[in-house]
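S.K.: What follows is data.pdb, made up of PDB, C-alpha atoms, pLDDT in the B column:
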ATOM      1  CA  SER A   1       0.000   0.000   0.000  1.00 44.00           C
ATOM      2  CA  LEU A   2       0.991   3.649  -0.337  1.00 39.00           C
ATOM      3  CA  GLY A   3       1.212   4.027   3.432  1.00 48.00           C
ATOM      4  CA  LEU A   4       3.631   1.106   3.662  1.00 43.00           C
ATOM      5  CA  VAL A   5       5.807   2.505   0.888  1.00 46.00           C
ATOM      6  CA  VAL A   6       5.921   5.959   2.523  1.00 42.00           C
ATOM      7  CA  THR A   7       6.813   4.439   5.898  1.00 47.00           C
ATOM      8  CA  LEU A   8       9.571   2.327   4.397  1.00 46.00           C
ATOM      9  CA  ALA A   9      10.857   5.278   2.407  1.00 45.00           C
ATOM     10  CA  SER A  10      11.202   7.290   5.610  1.00 45.00           C
ATOM     11  CA  GLN A  11      13.202   4.430   7.107  1.00 49.00           C
ATOM     12  CA  VAL A  12      15.470   4.430   4.081  1.00 49.00           C
ATOM     13  CA  LEU A  13      16.432   8.048   4.688  1.00 48.00           C
ATOM     14  CA  ALA A  14      17.204   7.489   8.360  1.00 54.00           C
ATOM     15  CA  LEU A  15      20.906   6.728   8.000  1.00 58.00           C
ATOM     16  CA  PRO A  16      23.292   8.150  10.609  1.00 62.00           C
ATOM     17  CA  ASP A  17      25.127  11.412   9.971  1.00 65.00           C
ATOM     18  CA  ARG A  18      28.872  10.880   9.808  1.00 74.00           C
ATOM     19  CA  ASP A  19      31.755  13.267   9.339  1.00 81.00           C
ATOM     20  CA  LEU A  20      33.191  11.910   6.089  1.00 90.00           C
ATOM     21  CA  LYS A  21      36.286  13.927   5.293  1.00 92.00           C
ATOM     22  CA  THR A  22      40.059  13.522   5.249  1.00 95.00           C
ATOM     23  CA  THR A  23      41.592  13.884   8.712  1.00 95.00           C
ATOM     24  CA  PRO A  24      45.203  14.943   9.405  1.00 95.00           C
ATOM     25  CA  VAL A  25      46.057  11.331  10.326  1.00 94.00           C
ATOM     26  CA  MET A  26      44.558  10.092   7.054  1.00 95.00           C
ATOM     27  CA  ARG A  27      46.628  12.638   5.131  1.00 96.00           C
ATOM     28  CA  LEU A  28      49.816  11.324   6.715  1.00 96.00           C
ATOM     29  CA  GLU A  29      48.824   7.688   6.155  1.00 95.00           C
ATOM     30  CA  THR A  30      47.952   8.306   2.506  1.00 96.00           C
ATOM     31  CA  ARG A  31      51.163  10.162   1.649  1.00 96.00           C
ATOM     32  CA  THR A  32      53.229   7.519   3.442  1.00 96.00           C
ATOM     33  CA  LEU A  33      51.434   4.702   1.620  1.00 95.00           C
ATOM     34  CA  VAL A  34      52.012   6.270  -1.817  1.00 95.00           C
ATOM     35  CA  GLN A  35      55.697   6.785  -1.007  1.00 95.00           C
ATOM     36  CA  MET A  36      56.061   3.169   0.109  1.00 94.00           C
ATOM     37  CA  LEU A  37      54.372   1.910  -3.055  1.00 95.00           C
ATOM     38  CA  GLU A  38      56.511   4.095  -5.314  1.00 93.00           C
ATOM     39  CA  TYR A  39      59.835   3.310  -3.633  1.00 94.00           C
ATOM     40  CA  PHE A  40      59.567  -0.108  -1.994  1.00 93.00           C
ATOM     41  CA  HIS A  41      56.922  -2.146  -3.800  1.00 94.00           C
ATOM     42  CA  TYR A  42      58.478  -4.856  -5.986  1.00 93.00           C
ATOM     43  CA  ASN A  43      56.214  -3.678  -8.826  1.00 93.00           C
ATOM     44  CA  LYS A  44      56.783   0.016  -8.119  1.00 92.00           C
ATOM     45  CA  ASP A  45      56.752   1.059 -11.794  1.00 93.00           C
ATOM     46  CA  ALA A  46      53.311  -0.441 -12.421  1.00 93.00           C
ATOM     47  CA  VAL A  47      51.395   2.793 -11.808  1.00 93.00           C
ATOM     48  CA  THR A  48      52.135   6.045 -13.625  1.00 93.00           C
ATOM     49  CA  SER A  49      50.413   9.425 -13.633  1.00 92.00           C
ATOM     50  CA  SER A  50      48.186   8.408 -16.520  1.00 93.00           C
ATOM     51  CA  ASP A  51      46.939   5.364 -14.597  1.00 94.00           C
ATOM     52  CA  TYR A  52      45.356   7.265 -11.718  1.00 94.00           C
ATOM     53  CA  PRO A  53      41.926   7.732 -13.367  1.00 95.00           C
ATOM     54  CA  GLN A  54      41.671   3.915 -13.361  1.00 96.00           C
ATOM     55  CA  LEU A  55      41.628   4.131  -9.565  1.00 97.00           C
ATOM     56  CA  ILE A  56      38.146   5.680  -9.855  1.00 97.00           C
ATOM     57  CA  THR A  57      36.849   2.661 -11.783  1.00 97.00           C
ATOM     58  CA  ASN A  58      38.516   0.233  -9.371  1.00 97.00           C
ATOM     59  CA  TYR A  59      36.993   2.013  -6.389  1.00 97.00           C
ATOM     60  CA  LEU A  60      33.501   1.971  -7.918  1.00 98.00           C
ATOM     61  CA  GLN A  61      33.871  -1.755  -8.511  1.00 97.00           C
ATOM     62  CA  GLU A  62      34.917  -2.307  -4.888  1.00 96.00           C
ATOM     63  CA  LEU A  63      31.935  -0.342  -3.580  1.00 96.00           C
ATOM     64  CA  ASP A  64      29.518  -1.922  -6.048  1.00 97.00           C
ATOM     65  CA  PRO A  65      30.942  -5.384  -6.839  1.00 96.00           C
ATOM     66  CA  GLN A  66      27.741  -6.624  -8.517  1.00 96.00           C
ATOM     67  CA  ARG A  67      27.479  -3.482 -10.717  1.00 97.00           C
ATOM     68  CA  LEU A  68      23.958  -2.681  -9.537  1.00 96.00           C
ATOM     69  CA  PHE A  69      23.998   0.870  -8.165  1.00 97.00           C
ATOM     70  CA  PHE A  70      26.413   2.925 -10.252  1.00 97.00           C
ATOM     71  CA  THR A  71      26.022   3.376 -13.999  1.00 97.00           C
ATOM     72  CA  ALA A  72      28.549   3.655 -16.812  1.00 97.00           C
ATOM     73  CA  ALA A  73      27.588   7.336 -17.007  1.00 96.00           C
ATOM     74  CA  ASP A  74      28.564   7.731 -13.339  1.00 97.00           C
ATOM     75  CA  GLU A  75      31.907   6.080 -14.027  1.00 97.00           C
ATOM     76  CA  GLN A  76      32.747   8.444 -16.879  1.00 97.00           C
ATOM     77  CA  THR A  77      31.594  11.512 -14.919  1.00 97.00           C
ATOM     78  CA  PHE A  78      33.709  10.605 -11.879  1.00 97.00           C
ATOM     79  CA  ARG A  79      36.764   9.876 -14.004  1.00 97.00           C
ATOM     80  CA  ARG A  80      36.494  13.278 -15.686  1.00 96.00           C
ATOM     81  CA  GLN A  81      35.805  15.086 -12.428  1.00 96.00           C
ATOM     82  CA  TYR A  82      38.357  13.463 -10.140  1.00 96.00           C
ATOM     83  CA  GLY A  83      40.859  11.617 -12.343  1.00 94.00           C
ATOM     84  CA  PRO A  84      43.119  14.524 -13.362  1.00 94.00           C
ATOM     85  CA  ARG A  85      43.752  15.616  -9.762  1.00 94.00           C
ATOM     86  CA  LEU A  86      44.034  12.238  -8.037  1.00 96.00           C
ATOM     87  CA  GLU A  87      47.814  11.856  -8.166  1.00 95.00           C
ATOM     88  CA  ASN A  88      48.379  15.295  -6.663  1.00 96.00           C
ATOM     89  CA  ASP A  89      45.690  14.726  -4.023  1.00 96.00           C
ATOM     90  CA  LEU A  90      47.099  11.392  -2.878  1.00 96.00           C
ATOM     91  CA  ALA A  91      50.855  11.690  -3.360  1.00 94.00           C
ATOM     92  CA  TYR A  92      51.374  15.314  -2.260  1.00 95.00           C
ATOM     93  CA  LEU A  93      48.341  16.348  -0.224  1.00 96.00           C
ATOM     94  CA  GLY A  94      47.267  12.991   1.174  1.00 96.00           C
ATOM     95  CA  ASN A  95      43.709  14.100   0.430  1.00 97.00           C
ATOM     96  CA  ILE A  96      41.149  11.297  -0.035  1.00 97.00           C
ATOM     97  CA  ASP A  97      38.023  13.475  -0.139  1.00 97.00           C
ATOM     98  CA  THR A  98      37.384  11.970  -3.580  1.00 97.00           C
ATOM     99  CA  ALA A  99      36.699   8.650  -1.866  1.00 97.00           C
ATOM    100  CA  PHE A 100      34.209  10.271   0.499  1.00 97.00           C
ATOM    101  CA  ASP A 101      32.496  12.303  -2.235  1.00 97.00           C
ATOM    102  CA  ILE A 102      31.935   9.188  -4.343  1.00 97.00           C
ATOM    103  CA  TYR A 103      30.832   7.185  -1.322  1.00 96.00           C
ATOM    104  CA  LYS A 104      28.158   9.783  -0.537  1.00 95.00           C
ATOM    105  CA  VAL A 105      26.821   9.329  -4.071  1.00 96.00           C
ATOM    106  CA  TYR A 106      26.900   5.558  -3.589  1.00 97.00           C
ATOM    107  CA  GLU A 107      25.004   5.875  -0.308  1.00 95.00           C
ATOM    108  CA  GLN A 108      22.369   8.012  -2.010  1.00 95.00           C
ATOM    109  CA  ARG A 109      22.105   5.520  -4.879  1.00 96.00           C
ATOM    110  CA  VAL A 110      21.496   2.694  -2.402  1.00 96.00           C
ATOM    111  CA  LYS A 111      18.864   4.684  -0.496  1.00 95.00           C
ATOM    112  CA  THR A 112      17.068   5.632  -3.706  1.00 96.00           C
ATOM    113  CA  ARG A 113      17.223   2.088  -5.024  1.00 96.00           C
ATOM    114  CA  THR A 114      15.935   0.648  -1.759  1.00 96.00           C
ATOM    115  CA  THR A 115      12.930   2.972  -1.889  1.00 96.00           C
ATOM    116  CA  TRP A 116      12.368   1.828  -5.491  1.00 96.00           C
ATOM    117  CA  ILE A 117      12.625  -1.830  -4.420  1.00 96.00           C
ATOM    118  CA  PHE A 118      10.036  -1.428  -1.668  1.00 96.00           C
ATOM    119  CA  ALA A 119       7.654   0.283  -4.096  1.00 96.00           C
ATOM    120  CA  THR A 120       8.235  -2.366  -6.780  1.00 95.00           C
ATOM    121  CA  LEU A 121       7.575  -5.184  -4.317  1.00 94.00           C
ATOM    122  CA  GLY A 122       4.077  -3.781  -4.000  1.00 92.00           C
ATOM    123  CA  GLU A 123       3.402  -4.795  -7.603  1.00 90.00           C
ATOM    124  CA  THR A 124       2.320  -8.189  -8.953  1.00 88.00           C
ATOM    125  CA  PHE A 125       5.147 -10.082 -10.666  1.00 87.00           C
ATOM    126  CA  ASP A 126       4.586 -11.987 -13.906  1.00 86.00           C
ATOM    127  CA  PHE A 127       6.645 -15.182 -14.030  1.00 87.00           C
ATOM    128  CA  THR A 128       5.214 -16.447 -17.316  1.00 89.00           C
ATOM    129  CA  ALA A 129       7.487 -14.374 -19.578  1.00 85.00           C
ATOM    130  CA  GLN A 130      10.775 -15.819 -20.810  1.00 89.00           C
ATOM    131  CA  ASP A 131      13.592 -13.874 -19.208  1.00 89.00           C
ATOM    132  CA  SER A 132      17.122 -14.289 -17.874  1.00 91.00           C
ATOM    133  CA  TYR A 133      19.368 -12.863 -15.169  1.00 93.00           C
ATOM    134  CA  THR A 134      23.046 -13.448 -14.405  1.00 93.00           C
ATOM    135  CA  PRO A 135      23.370 -13.885 -10.610  1.00 92.00           C
ATOM    136  CA  ASP A 136      27.114 -13.158 -10.517  1.00 95.00           C
ATOM    137  CA  ARG A 137      27.707  -9.769 -12.143  1.00 95.00           C
ATOM    138  CA  SER A 138      31.224  -9.256 -10.756  1.00 94.00           C
ATOM    139  CA  LYS A 139      32.652  -9.434 -14.285  1.00 94.00           C
ATOM    140  CA  SER A 140      29.840  -7.463 -15.922  1.00 95.00           C
ATOM    141  CA  ALA A 141      29.842  -3.818 -16.960  1.00 95.00           C
ATOM    142  CA  PHE A 142      27.873  -1.175 -15.124  1.00 97.00           C
ATOM    143  CA  PRO A 143      24.409  -0.565 -16.602  1.00 97.00           C
ATOM    144  CA  ALA A 144      24.580   2.209 -19.159  1.00 96.00           C
ATOM    145  CA  ASN A 145      21.982   4.440 -17.535  1.00 95.00           C
ATOM    146  CA  GLU A 146      19.135   4.588 -15.023  1.00 94.00           C
ATOM    147  CA  ALA A 147      16.603   2.909 -17.309  1.00 95.00           C
ATOM    148  CA  GLU A 148      18.922  -0.043 -17.889  1.00 96.00           C
ATOM    149  CA  ALA A 149      19.562  -0.245 -14.136  1.00 97.00           C
ATOM    150  CA  ASP A 150      15.801  -0.364 -13.450  1.00 96.00           C
ATOM    151  CA  ASP A 151      15.384  -3.225 -15.912  1.00 95.00           C
ATOM    152  CA  LEU A 152      18.308  -5.054 -14.345  1.00 96.00           C
ATOM    153  CA  TRP A 153      16.834  -4.683 -10.870  1.00 96.00           C
ATOM    154  CA  ARG A 154      13.407  -5.936 -11.981  1.00 95.00           C
ATOM    155  CA  LYS A 155      15.058  -9.086 -13.272  1.00 95.00           C
ATOM    156  CA  ARG A 156      17.069  -9.432 -10.077  1.00 96.00           C
ATOM    157  CA  LEU A 157      13.969  -9.182  -7.881  1.00 95.00           C
ATOM    158  CA  LYS A 158      12.140 -11.750 -10.024  1.00 94.00           C
ATOM    159  CA  TYR A 159      15.154 -14.068  -9.811  1.00 95.00           C
ATOM    160  CA  GLU A 160      15.348 -13.729  -6.019  1.00 95.00           C
ATOM    161  CA  MET A 161      11.620 -14.237  -5.613  1.00 93.00           C
ATOM    162  CA  LEU A 162      11.651 -17.318  -7.842  1.00 93.00           C
ATOM    163  CA  ASN A 163      14.310 -18.896  -5.649  1.00 92.00           C
ATOM    164  CA  ASP A 164      11.994 -18.551  -2.656  1.00 92.00           C
ATOM    165  CA  ILE A 165       8.875 -19.614  -4.544  1.00 91.00           C
ATOM    166  CA  MET A 166      10.653 -22.768  -5.711  1.00 91.00           C
ATOM    167  CA  GLY A 167      11.438 -23.303  -2.020  1.00 89.00           C
ATOM    168  CA  LYS A 168       7.677 -23.583  -1.355  1.00 88.00           C
ATOM    169  CA  LYS A 169       7.029 -19.978  -0.346  1.00 89.00           C
ATOM    170  CA  THR A 170       4.133 -17.914  -1.611  1.00 91.00           C
ATOM    171  CA  GLN A 171       4.813 -14.761  -3.598  1.00 89.00           C
ATOM    172  CA  GLU A 172       3.850 -12.633  -0.578  1.00 92.00           C
ATOM    173  CA  GLU A 173       6.162 -14.607   1.708  1.00 93.00           C
ATOM    174  CA  ALA A 174       8.961 -14.177  -0.826  1.00 92.00           C
ATOM    175  CA  LYS A 175       8.316 -10.427  -0.918  1.00 93.00           C
ATOM    176  CA  THR A 176       8.488 -10.253   2.879  1.00 93.00           C
ATOM    177  CA  THR A 177      11.852 -12.026   2.819  1.00 93.00           C
ATOM    178  CA  LEU A 178      13.161  -9.611   0.198  1.00 94.00           C
ATOM    179  CA  ARG A 179      12.007  -6.572   2.176  1.00 94.00           C
ATOM    180  CA  LYS A 180      13.879  -7.818   5.233  1.00 94.00           C
ATOM    181  CA  ARG A 181      16.960  -8.565   3.122  1.00 93.00           C
ATOM    182  CA  TYR A 182      17.138  -5.051   1.701  1.00 94.00           C
ATOM    183  CA  GLU A 183      16.315  -3.431   5.036  1.00 93.00           C
ATOM    184  CA  ARG A 184      19.346  -5.260   6.418  1.00 92.00           C
ATOM    185  CA  MET A 185      21.463  -4.129   3.443  1.00 91.00           C
ATOM    186  CA  LEU A 186      20.526  -0.545   4.244  1.00 90.00           C
ATOM    187  CA  LYS A 187      21.377  -0.997   7.918  1.00 89.00           C
ATOM    188  CA  ASN A 188      24.785  -2.400   6.988  1.00 88.00           C
ATOM    189  CA  LEU A 189      25.366   0.673   4.834  1.00 87.00           C
ATOM    190  CA  GLY A 190      24.827   2.856   7.892  1.00 83.00           C
ATOM    191  CA  ASP A 191      27.542   0.954   9.756  1.00 85.00           C
ATOM    192  CA  TYR A 192      30.236   2.166   7.346  1.00 87.00           C
ATOM    193  CA  GLU A 193      32.632   4.638   8.969  1.00 91.00           C
ATOM    194  CA  ALA A 194      35.238   6.963   7.454  1.00 93.00           C
ATOM    195  CA  GLN A 195      38.010   4.485   8.276  1.00 93.00           C
ATOM    196  CA  ASP A 196      36.206   1.735   6.357  1.00 93.00           C
ATOM    197  CA  ILE A 197      35.853   3.949   3.283  1.00 95.00           C
ATOM    198  CA  GLN A 198      39.526   4.896   3.499  1.00 95.00           C
ATOM    199  CA  GLU A 199      40.455   1.206   3.591  1.00 95.00           C
ATOM    200  CA  VAL A 200      38.398   0.372   0.499  1.00 95.00           C
ATOM    201  CA  PHE A 201      39.782   3.341  -1.445  1.00 97.00           C
ATOM    202  CA  LEU A 202      43.444   2.793  -0.591  1.00 96.00           C
ATOM    203  CA  THR A 203      43.144  -0.944  -1.200  1.00 96.00           C
ATOM    204  CA  SER A 204      41.834  -0.059  -4.664  1.00 96.00           C
ATOM    205  CA  LEU A 205      45.102   1.840  -5.086  1.00 96.00           C
ATOM    206  CA  THR A 206      47.422  -0.887  -3.768  1.00 96.00           C
ATOM    207  CA  ARG A 207      45.809  -3.495  -6.003  1.00 95.00           C
ATOM    208  CA  MET A 208      46.835  -1.462  -9.025  1.00 95.00           C
ATOM    209  CA  TYR A 209      50.378  -2.550  -8.148  1.00 95.00           C
ATOM    210  CA  ASP A 210      49.437  -6.189  -7.688  1.00 93.00           C
ATOM    211  CA  PRO A 211      46.214  -8.033  -6.762  1.00 91.00           C
ATOM    212  CA  HIS A 212      47.557  -9.236  -3.412  1.00 90.00           C
ATOM    213  CA  SER A 213      48.599  -5.883  -1.928  1.00 90.00           C
ATOM    214  CA  ASP A 214      45.993  -4.510   0.477  1.00 90.00           C
ATOM    215  CA  TYR A 215      45.784  -1.517   2.764  1.00 89.00           C
ATOM    216  CA  PHE A 216      44.725  -2.470   6.290  1.00 85.00           C
ATOM    217  CA  SER A 217      43.063  -0.116   8.735  1.00 75.00           C
ATOM    218  CA  SER A 218      44.173  -0.498  12.349  1.00 70.00           C
ATOM    219  CA  ASP A 219      41.077  -2.595  13.146  1.00 74.00           C
ATOM    220  CA  THR A 220      41.617  -4.883  10.164  1.00 73.00           C
ATOM    221  CA  LEU A 221      45.297  -5.280  11.044  1.00 71.00           C
ATOM    222  CA  GLN A 222      44.362  -6.282  14.575  1.00 68.00           C
ATOM    223  CA  ASP A 223      41.855  -8.860  13.273  1.00 70.00           C
ATOM    224  CA  CYS A 224      44.463 -10.224  10.858  1.00 68.00           C
ATOM    225  CA  SER A 225      47.048 -10.511  13.642  1.00 66.00           C
ATOM    226  CA  ILE A 226      44.607 -12.428  15.815  1.00 63.00           C
ATOM    227  CA  GLN A 227      43.910 -14.880  12.997  1.00 66.00           C
ATOM    228  CA  MET A 228      47.594 -15.315  12.128  1.00 62.00           C
ATOM    229  CA  LYS A 229      48.586 -15.934  15.758  1.00 62.00           C
ATOM    230  CA  LEU A 230      45.515 -18.075  16.411  1.00 55.00           C
ATOM    231  CA  SER A 231      45.183 -16.242  19.691  1.00 47.00           C
ATOM    232  CA  LEU A 232      41.407 -16.047  19.582  1.00 49.00           C
ATOM    233  CA  VAL A 233      39.462 -19.276  20.052  1.00 52.00           C
ATOM    234  CA  GLY A 234      35.788 -19.637  19.117  1.00 65.00           C
ATOM    235  CA  ILE A 235      33.215 -21.608  21.074  1.00 73.00           C
ATOM    236  CA  GLY A 236      33.033 -24.401  18.506  1.00 77.00           C
ATOM    237  CA  ALA A 237      29.594 -23.610  17.115  1.00 78.00           C
ATOM    238  CA  VAL A 238      28.617 -23.385  13.449  1.00 78.00           C
ATOM    239  CA  LEU A 239      26.101 -20.574  13.050  1.00 78.00           C
ATOM    240  CA  GLY A 240      23.776 -19.776  10.175  1.00 79.00           C
ATOM    241  CA  ILE A 241      20.974 -17.480   9.059  1.00 76.00           C
ATOM    242  CA  GLU A 242      17.398 -18.686   8.691  1.00 73.00           C
ATOM    243  CA  ASP A 243      14.975 -16.814   6.416  1.00 66.00           C
ATOM    244  CA  ASP A 244      17.587 -14.053   6.042  1.00 64.00           C
ATOM    245  CA  VAL A 245      16.695 -12.876   9.551  1.00 65.00           C
ATOM    246  CA  ASN A 246      17.294 -15.249  12.469  1.00 77.00           C
ATOM    247  CA  CYS A 247      20.683 -16.479  13.652  1.00 81.00           C
ATOM    248  CA  ILE A 248      20.544 -20.215  14.347  1.00 83.00           C
ATOM    249  CA  LEU A 249      22.927 -22.842  15.728  1.00 84.00           C
ATOM    250  CA  ARG A 250      23.535 -25.366  12.953  1.00 82.00           C
ATOM    251  CA  GLU A 251      26.186 -27.598  14.490  1.00 82.00           C
ATOM    252  CA  VAL A 252      28.392 -28.041  17.553  1.00 83.00           C
ATOM    253  CA  VAL A 253      31.984 -28.981  16.698  1.00 77.00           C
ATOM    254  CA  ALA A 254      33.335 -31.871  18.742  1.00 77.00           C
ATOM    255  CA  GLY A 255      36.386 -31.153  20.932  1.00 72.00           C
ATOM    256  CA  CYS A 256      35.920 -27.380  21.016  1.00 73.00           C
ATOM    257  CA  PRO A 257      35.102 -25.213  24.048  1.00 70.00           C
TER     258      PRO A 257
END
Would it be possible to restate this file's structure as structure tokens?

M.R.:
Amino acid sequence: SLGLVVTLASQVLALPDRDLKTTPVMRLETRTLVQMLEYFHYNKDAVTSSDYPQLITNYLQELDPQRLFFTAADEQTFRRQYGPRLENDLAYLGNIDTAFDIYKVYEQRVKTRTTWIFATLGETFDFTAQDSYTPDRSKSAFPANEAEADDLWRKRLKYEMLNDIMGKKTQEEAKTTLRKRYERMLKNLGDYEAQDIQEVFLTSLTRMYDPHSDYFSSDTLQDCSIQMKLSLVGIGAVLGIEDDVNCILREVVAGCP
């Protein structure tokens, strides 16, 4: 109903306000990282001044790995707008405001798309037409424009609903599951902090030198150290998600705490 759509739309807009801008510490970290890559990386000659616009494309692909929210028009606009100044911003100024500016657009795209999804789920879906959808779009191009993105999302929703319907759910039950799924996606978006965005952006840079070079934030480094030292022991329980909502205990591993 219209009331439901309006209510859900208001929820979509209720993401937390965050101060997304380059801090003095980030400036120092960014300049230091670029210097290390240019002087100490084994593949230090891999990236030249003319390669920096590619960082924009790489970053968009990291933010939107299934190529569902940005468009090819966005990609070209961002490359023209930010590409020419990126090397100076990163290497000399340590400024990563480009990452935050693009992320704000991404956040708005997700909010707008989620509102569109909730409205579209109010419609009746026709499963009699012959259609196709590629579930893994990680190697696909961005949709050319908004109209192509809408068509892509309609196919995606039908694909996701069909999976549930084939699992013995009604169309309304499948729609309820999808609503919860995309509400959770939106909540996860609100959990992103400036440090997380910095990590994604600078990792997009390091992977231009080789696919196994990553930039770790302090939190990620700590998590990695724990895993490498095996200093953190779990309780020996295999957990799972039921109906995309509830956390359930699937299995208890013998011999564990």

S.K.: Pull out every residue that the PyMOL selection byres ((chain A and resi 161) around 9) matches in the shown coordinates and put them as a list in words.

M.R.: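 Selected by the PyMOL selection byres ((chain A and resi 161) around 9) here: Arg156, Leu157, Lys158, Tyr159, Glu160, Leu162, Asn163, Asp164, Ile165, Met166, Gln171, Ala174, Lys175, Thr177 and Leu178 of chain A.
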
S.K.: Let me know the residues the PyMOL selection byres ((chain A and resi 46-56) around 6) catches in the file above, as JSON, numbers by chain.

M.R.: {"A": [43, 44, 45, 57, 58, 59, 79, 83, 209]}

S.K.: Name the residues captured by the PyMOL selection byres ((chain A and resi 252) around 7) when it is applied to the shown file; answer as a PDB file with C-alpha atoms, keeping the file's coordinate frame.

M.R.:
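Saved the output as expr19.pdb:
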ATOM      1  CA  GLY A 236      33.033 -24.401  18.506  1.00 77.00           C
ATOM      2  CA  ALA A 237      29.594 -23.610  17.115  1.00 78.00           C
ATOM      3  CA  VAL A 238      28.617 -23.385  13.449  1.00 78.00           C
ATOM      4  CA  GLU A 251      26.186 -27.598  14.490  1.00 82.00           C
ATOM      5  CA  VAL A 253      31.984 -28.981  16.698  1.00 77.00           C
ATOM      6  CA  ALA A 254      33.335 -31.871  18.742  1.00 77.00           C
TER       7      ALA A 254
END

S.K.: Of the candidates A:Lys187, A:Lys21, A:Arg27, A:Arg181, which shows the shortest atom-to-atom distance to Ala99 in chain A, using all atoms listed in the file?

M.R.: A:Lys21

S.K.: Of the candidates A:Pro84, A:Gly94, A:Pro65, A:Gly255, which shows the shortest atom-to-atom distance to Pro24 in chain A, using only C-alpha atoms?

M.R.: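 Among the listed residues, A:Gly94 lies closest to Pro24 in chain A.
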
S.K.: Quick one: distance from CA of Ala91 in chain A to CA of Arg31 in chain A in Å, one decimal?

M.R.: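 Going from CA of Ala91 in chain A over to CA of Arg31 in chain A, I get 5.2 Å.
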
S.K.: Would you work out the distance separating CA of Asp214 in chain A from CA of Tyr92 in chain A, expressed in Å to one decimal?

M.R.: 20.7 Å

S.K.: Give the answer as one residue: which of A:Thr30, A:Leu221, A:Tyr182, A:Gly167 has the shortest atom-to-atom distance to Asn88 in chain A, using all atoms listed in the file?

M.R.: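 Checking each candidate against Asn88 in chain A, we get A:Thr30 as the closest.
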
S.K.: Just checking: using all atoms listed in the file, which residue out of A:Asp219, A:Glu173, A:Glu148, A:Asp101 ends up closest to Ala72 in chain A?

M.R.: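 Smallest distance to Ala72 in chain A is found for A:Glu148.
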
S.K.: Report, in Å to a single decimal, how far apart CA of Ala147 in chain A and CA of Phe127 in chain A are.

M.R.: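 CA of Ala147 in chain A lies 20.9 Å from CA of Phe127 in chain A.
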
S.K.: Which residue is closest to Leu37 in chain A? Choose from A:Ala149, A:Leu189, A:Ala141, A:Met208 and count all atoms listed in the file.

M.R.: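 Checking each of A:Ala149, A:Leu189, A:Ala141, A:Met208 against Leu37 in chain A, counting all atoms listed in the file, the winner is A:Met208.
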
S.K.: Pick out the residues sitting within 12 Å of Ile102 in chain A, and hand them over as an MDAnalysis selection string; count all atoms listed in the file, and ignore anything fewer than 3 positions along from it in its own chain.

M.R.: chainID A and resid 20:21 56:57 59:64 70 74:75 77:79 81:82 96:99 105:109 197:198 200:201
